[in-house]
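Presented below is the structure to which this report refers.
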Amino acid sequence: MGEKNDTEHFLLDKDSVLSYVREKQHFFDKEAKLHAREIGDGNINYVFQIWDEKTGKSLVIKQADSLLRSSKRPLDLNRSKIEAEVLKIQRKLSKNQVPEVFFYDDILCAIGMEDISAYRNMRKELKEGKIFPSFSKEITVFLRKTLLPMTDLFLDRAEKKKMVKEFMNPELCDISEDLVFTEPYYDYKKRNVLTEGMEDFVKKKLYEDEELKAEVGSLRNLFMNKAETLIHGDLHTGSIFINENGIKIIDPEFAFYGPMGYDIGNVIGNLFFSLARDVFIDSRKEFVSWLKETIANLFDGMKTGLMEDLSFLAFPLYNSIFQEKYVDSVMSESLGFAGTEIIRRVVGDAKVSEMYEHSDLFAQKKMEKILIEMGIFLIKNRGEMREGREVIEAFETICLQFCF
Ligand code: SR1
Ligand code: MG
């Protein structure tokens, strides 16, 4: 660290991160015997865990580079500042369901934050069939506490406009606009990754359905233009850490002012990957029924929770008729975004591991077809469903169609 230029960004490694923490931050005691290891496994950034051998006190440093970790494509460094700010905001709003930020270094684009290793990556836990009875309640609390309060229904409207500007995140939004809302239906960059034997199905169901394209076009337009609230922007199960005591939400680098249904829909959509895997590969009955219940409860819990939160509005135009319409459109958009998330993970190049870590190609194709059908169903029928139970019934009906 000593000889590095203090005013320029450079990439930390497990040795330089130790000197950096010792020389630049005052987190550990001077005499602490520190160790570090790299714990990141994402596509984008670098994550280090640093700990004091004697006391066990620890810290996580997440660093952004100007090049993507996986493809080495350039990516706006401002995402790191956005992430640090959103972590702080969401921690306050959610009452500790987000790790505490201890420092932010805007030269190195490094966030020093609470080590949440007492919690586990939810995607991995679900792969192992772990059941978390209070997850739907916990995530509903997080979504209710972080989404509505940042809209101009509750924030001062001038303040909200400042926030919209501060959290402009064009390069990260561009990734989602392509990967989620364009390429699965119009593969203009030739980046889709299809399982062998799925080509005709994808062509017919996604590339050639004009009605579907128009619906996805509407959701894309919402994502790009509905500056409703400060959303996490990438709330998949790998951004959720969990244990029997609760959840910690990380990685809001895709955050921006967008439609709140995008966050709700991302959680719902990602639960379907574990559900499909378990129906067709692992067949753990108790786990499957817990997941179905969780998806249904999340939908119902958000709907009643948002109604309850909106009932505190005193502005005369935001009366009960307004409130009901508002919640109906949030829930409908959530289901639409759940559909786009499901489809993009199946045909796009940002795959989810629970879908592929097995060797049954026959089950794989069945699972993919069912998920694509489910995604299409959610997109096309997003305004029709009033209860979580209907979402699960639709999934069960689609599964049955593919079993005969
Ligand atoms: C290049 S980034 C690919 C995906 O990883 C992130 O977690 C987002 O989901 C993004 O779409
Ligand atoms: Mg991420």
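Chain labels A, B, ... are given in the sequence in which chains occur in the structure tokens; within each chain residues are numbered consecutively from 1, and ligands are likewise numbered from 1 in the order shown.
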
Taking only C-alpha atoms and all ligand atoms into account, produce a table as a Markdown table in which each residue of chain A with an atom at most 9 Å from an atom of ligand 2 appears once, together with its shortest atom pair and the distance in Å to one decimal, ordered by chain and rising number.
| residue | atom | partner | partner_atom_place_in_ligand_line | distance |
| --- | --- | --- | --- | --- |
| A:Gly42 | CA | ligand 2 | 1 (Mg) | 6.5 |
| A:Asn43 | CA | ligand 2 | 1 (Mg) | 7.6 |
| A:Ile44 | CA | ligand 2 | 1 (Mg) | 7.2 |
| A:Asn45 | CA | ligand 2 | 1 (Mg) | 8.4 |
| A:Asp234 | CA | ligand 2 | 1 (Mg) | 6.5 |
| A:Leu235 | CA | ligand 2 | 1 (Mg) | 8.2 |
| A:His236 | CA | ligand 2 | 1 (Mg) | 8.3 |
| A:Gly238 | CA | ligand 2 | 1 (Mg) | 7.4 |
| A:Ser239 | CA | ligand 2 | 1 (Mg) | 6.3 |
| A:Ile250 | CA | ligand 2 | 1 (Mg) | 7.9 |
| A:Asp251 | CA | ligand 2 | 1 (Mg) | 5.0 |
| A:Pro252 | CA | ligand 2 | 1 (Mg) | 7.1 |
| A:Glu253 | CA | ligand 2 | 1 (Mg) | 7.0 |
| A:Phe254 | CA | ligand 2 | 1 (Mg) | 7.8 |

Would you output that residue set with C-alpha atoms, as an mmCIF file, in the first residue's frame?
data_model
loop_
_atom_site.group_PDB
_atom_site.id
_atom_site.type_symbol
_atom_site.label_atom_id
_atom_site.label_comp_id
_atom_site.auth_asym_id
_atom_site.auth_seq_id
_atom_site.Cartn_x
_atom_site.Cartn_y
_atom_site.Cartn_z
ATOM 1 C CA GLY A 42 -20.209 -12.581 -8.433
ATOM 2 C CA ASN A 43 -19.702 -11.395 -12.016
ATOM 3 C CA ILE A 44 -18.937 -7.812 -11.215
ATOM 4 C CA ASN A 45 -16.881 -6.893 -8.090
ATOM 5 C CA ASP A 234 -31.272 -6.739 -8.529
ATOM 6 C CA LEU A 235 -33.120 -8.445 -5.701
ATOM 7 C CA HIS A 236 -32.498 -12.076 -6.599
ATOM 8 C CA GLY A 238 -28.131 -14.346 -4.262
ATOM 9 C CA SER A 239 -28.592 -10.788 -2.933
ATOM 10 C CA ILE A 250 -26.853 -6.834 -0.010
ATOM 11 C CA ASP A 251 -25.603 -5.637 -3.418
ATOM 12 C CA PRO A 252 -27.864 -2.722 -4.378
ATOM 13 C CA GLU A 253 -25.495 -1.507 -7.106
ATOM 14 C CA PHE A 254 -28.321 -1.676 -9.687
#

If we count only C-alpha atoms, what is near A:Lys81 at a cut-off of 10 Å, once residues fewer than 4 positions away on the same chain are taken out, given as a PyMOL selection string? chain A and resi 64+77+85-87+104-106+109-111+167+253

Can you pull out the residues contacting A:Phe312? Cut-off 12 Å, using only C-alpha atoms, and skip same-chain residues under 5 positions away; I want them as a PyMOL selection string. chain A and resi 148-149+153-154+305-307+318-320+323

Which residues come within 12 Å of stretch 51-57 of chain A, counting only C-alpha atoms, excluding same-chain residues fewer than 6 positions away, as a ChimeraX atom specification? /A:14,17-18,21-22,27-38,114-117

Those selected residues, please, written with C-alpha atoms and delivered as a compact mmCIF listing (two decimals), in the first residue's frame.
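Contents of part-v1.txt, freshly written:
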# COMPACT_ATOMS: atom_id res chain seq x y z
CA LYS A 14 -5.64 -10.06 -0.32
CA VAL A 17 -6.27 -4.98 1.37
CA LEU A 18 -4.55 -5.69 4.70
CA VAL A 21 -7.05 -1.38 6.28
CA ARG A 22 -4.07 -0.91 8.61
CA PHE A 27 -11.45 -0.13 12.23
CA PHE A 28 -9.13 -2.56 14.04
CA ASP A 29 -6.77 -1.99 16.99
CA LYS A 30 -3.21 -1.05 15.95
CA GLU A 31 -1.76 -4.30 17.35
CA ALA A 32 -4.40 -6.54 15.77
CA LYS A 33 -3.09 -9.56 13.86
CA LEU A 34 -5.12 -9.34 10.67
CA HIS A 35 -5.90 -11.91 7.98
CA ALA A 36 -7.74 -11.51 4.69
CA ARG A 37 -9.37 -13.69 2.07
CA GLU A 38 -11.31 -13.01 -1.10
CA GLU A 114 -20.43 -5.33 8.47
CA ASP A 115 -19.41 -8.94 8.00
CA ILE A 116 -22.65 -10.89 7.62
CA SER A 117 -21.10 -14.35 7.53

Atom CA of A:Ala276 sits from atom CA of A:Lys203 at a separation of 21.8 Å

Members of stretch 317-401 of chain A assigned alpha helix (DSSP H) by DSSP, as number ranges by chain: A: 320-347, 361-380, 388-401

Residues near A:Leu335, anyone? I mean within 6 Å using only C-alpha atoms, not counting same-chain ones fewer than 4 positions away, as a compact mmCIF listing (two decimals) with N, CA and C atoms, in the first residue's frame.
# COMPACT_ATOMS: atom_id res chain seq x y z
N GLY A 265 -41.17 -8.32 -7.83
CA GLY A 265 -41.21 -9.34 -8.88
C GLY A 265 -39.92 -10.14 -8.96
N LEU A 378 -47.39 -15.13 -16.48
CA LEU A 378 -47.36 -14.00 -15.54
C LEU A 378 -47.39 -12.66 -16.28
N ARG A 382 -50.89 -10.63 -15.85
CA ARG A 382 -50.47 -9.96 -14.61
C ARG A 382 -51.57 -9.14 -13.94

Using 12 Å as the limit and counting only C-alpha atoms, can you tabulate each residue of stretch 229-281 of chain A that touches stretch 168-184 of chain A, with its shortest atom-to-atom distance in Å and the two atoms involved, as a Markdown table?
| residue | atom | partner | partner_atom | distance |
| --- | --- | --- | --- | --- |
| A:Thr229 | CA | A:Met168 | CA | 11.9 |
| A:Leu230 | CA | A:Met168 | CA | 10.2 |
| A:Ile231 | CA | A:Asn169 | CA | 11.4 |
| A:His232 | CA | A:Cys173 | CA | 11.5 |
| A:Gly233 | CA | A:Cys173 | CA | 8.4 |
| A:Asp234 | CA | A:Ser176 | CA | 9.0 |
| A:Pro252 | CA | A:Leu172 | CA | 10.7 |
| A:Glu253 | CA | A:Leu172 | CA | 7.7 |
| A:Phe254 | CA | A:Leu172 | CA | 5.5 |
| A:Ala255 | CA | A:Asn169 | CA | 7.1 |
| A:Phe256 | CA | A:Met168 | CA | 5.8 |
| A:Tyr257 | CA | A:Met168 | CA | 7.2 |
| A:Gly258 | CA | A:Cys173 | CA | 9.7 |
| A:Tyr262 | CA | A:Ser176 | CA | 11.0 |
| A:Asn266 | CA | A:Val180 | CA | 10.9 |

Go ahead and dump the residues you just picked, N, CA and C atoms, as a compact mmCIF listing (two decimals), in the first residue's frame.
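What ended up in selection16.txt:
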# COMPACT_ATOMS: atom_id res chain seq x y z
N THR A 229 -39.84 4.92 -7.09
CA THR A 229 -39.18 4.84 -5.78
C THR A 229 -37.75 4.32 -5.93
N LEU A 230 -36.99 4.42 -4.86
CA LEU A 230 -35.61 3.92 -4.89
C LEU A 230 -35.66 2.40 -4.75
N ILE A 231 -35.38 1.71 -5.85
CA ILE A 231 -35.45 0.24 -5.78
C ILE A 231 -34.04 -0.35 -5.68
N HIS A 232 -33.97 -1.56 -5.16
CA HIS A 232 -32.70 -2.29 -5.06
C HIS A 232 -32.17 -2.59 -6.45
N GLY A 233 -33.05 -3.03 -7.34
CA GLY A 233 -32.71 -3.20 -8.75
C GLY A 233 -32.13 -4.55 -9.14
N ASP A 234 -31.82 -5.41 -8.17
CA ASP A 234 -31.27 -6.74 -8.53
C ASP A 234 -31.53 -7.71 -7.37
N PRO A 252 -26.94 -3.57 -3.61
CA PRO A 252 -27.86 -2.72 -4.38
C PRO A 252 -27.18 -1.83 -5.42
N GLU A 253 -26.21 -2.37 -6.14
CA GLU A 253 -25.50 -1.51 -7.11
C GLU A 253 -26.33 -1.20 -8.35
N PHE A 254 -27.43 -1.96 -8.56
CA PHE A 254 -28.32 -1.68 -9.69
C PHE A 254 -29.44 -0.70 -9.28
N ALA A 255 -29.32 -0.14 -8.07
CA ALA A 255 -30.40 0.72 -7.55
C ALA A 255 -30.61 1.96 -8.42
N PHE A 256 -31.86 2.39 -8.51
CA PHE A 256 -32.22 3.65 -9.19
C PHE A 256 -33.68 3.92 -8.87
N TYR A 257 -34.17 5.07 -9.31
CA TYR A 257 -35.59 5.35 -9.12
C TYR A 257 -36.38 4.64 -10.21
N GLY A 258 -37.02 3.56 -9.86
CA GLY A 258 -37.77 2.75 -10.82
C GLY A 258 -39.05 2.23 -10.20
N TYR A 262 -40.60 -3.99 -9.58
CA TYR A 262 -39.40 -4.68 -10.08
C TYR A 262 -38.72 -5.46 -8.94
N ASN A 266 -38.79 -9.50 -8.70
CA ASN A 266 -37.53 -10.24 -8.73
C ASN A 266 -37.48 -11.31 -7.65

When distances are computed from only C-alpha atoms and all ligand atoms, which of A:Ile379, A:Leu67, A:Ala394, A:Val60 shows the smallest separation from ligand 1? A:Leu67

Of A:Phe10, A:Phe223, A:Phe103, A:Tyr188, the one sitting nearest A:Asp65 when using only C-alpha atoms is A:Phe10
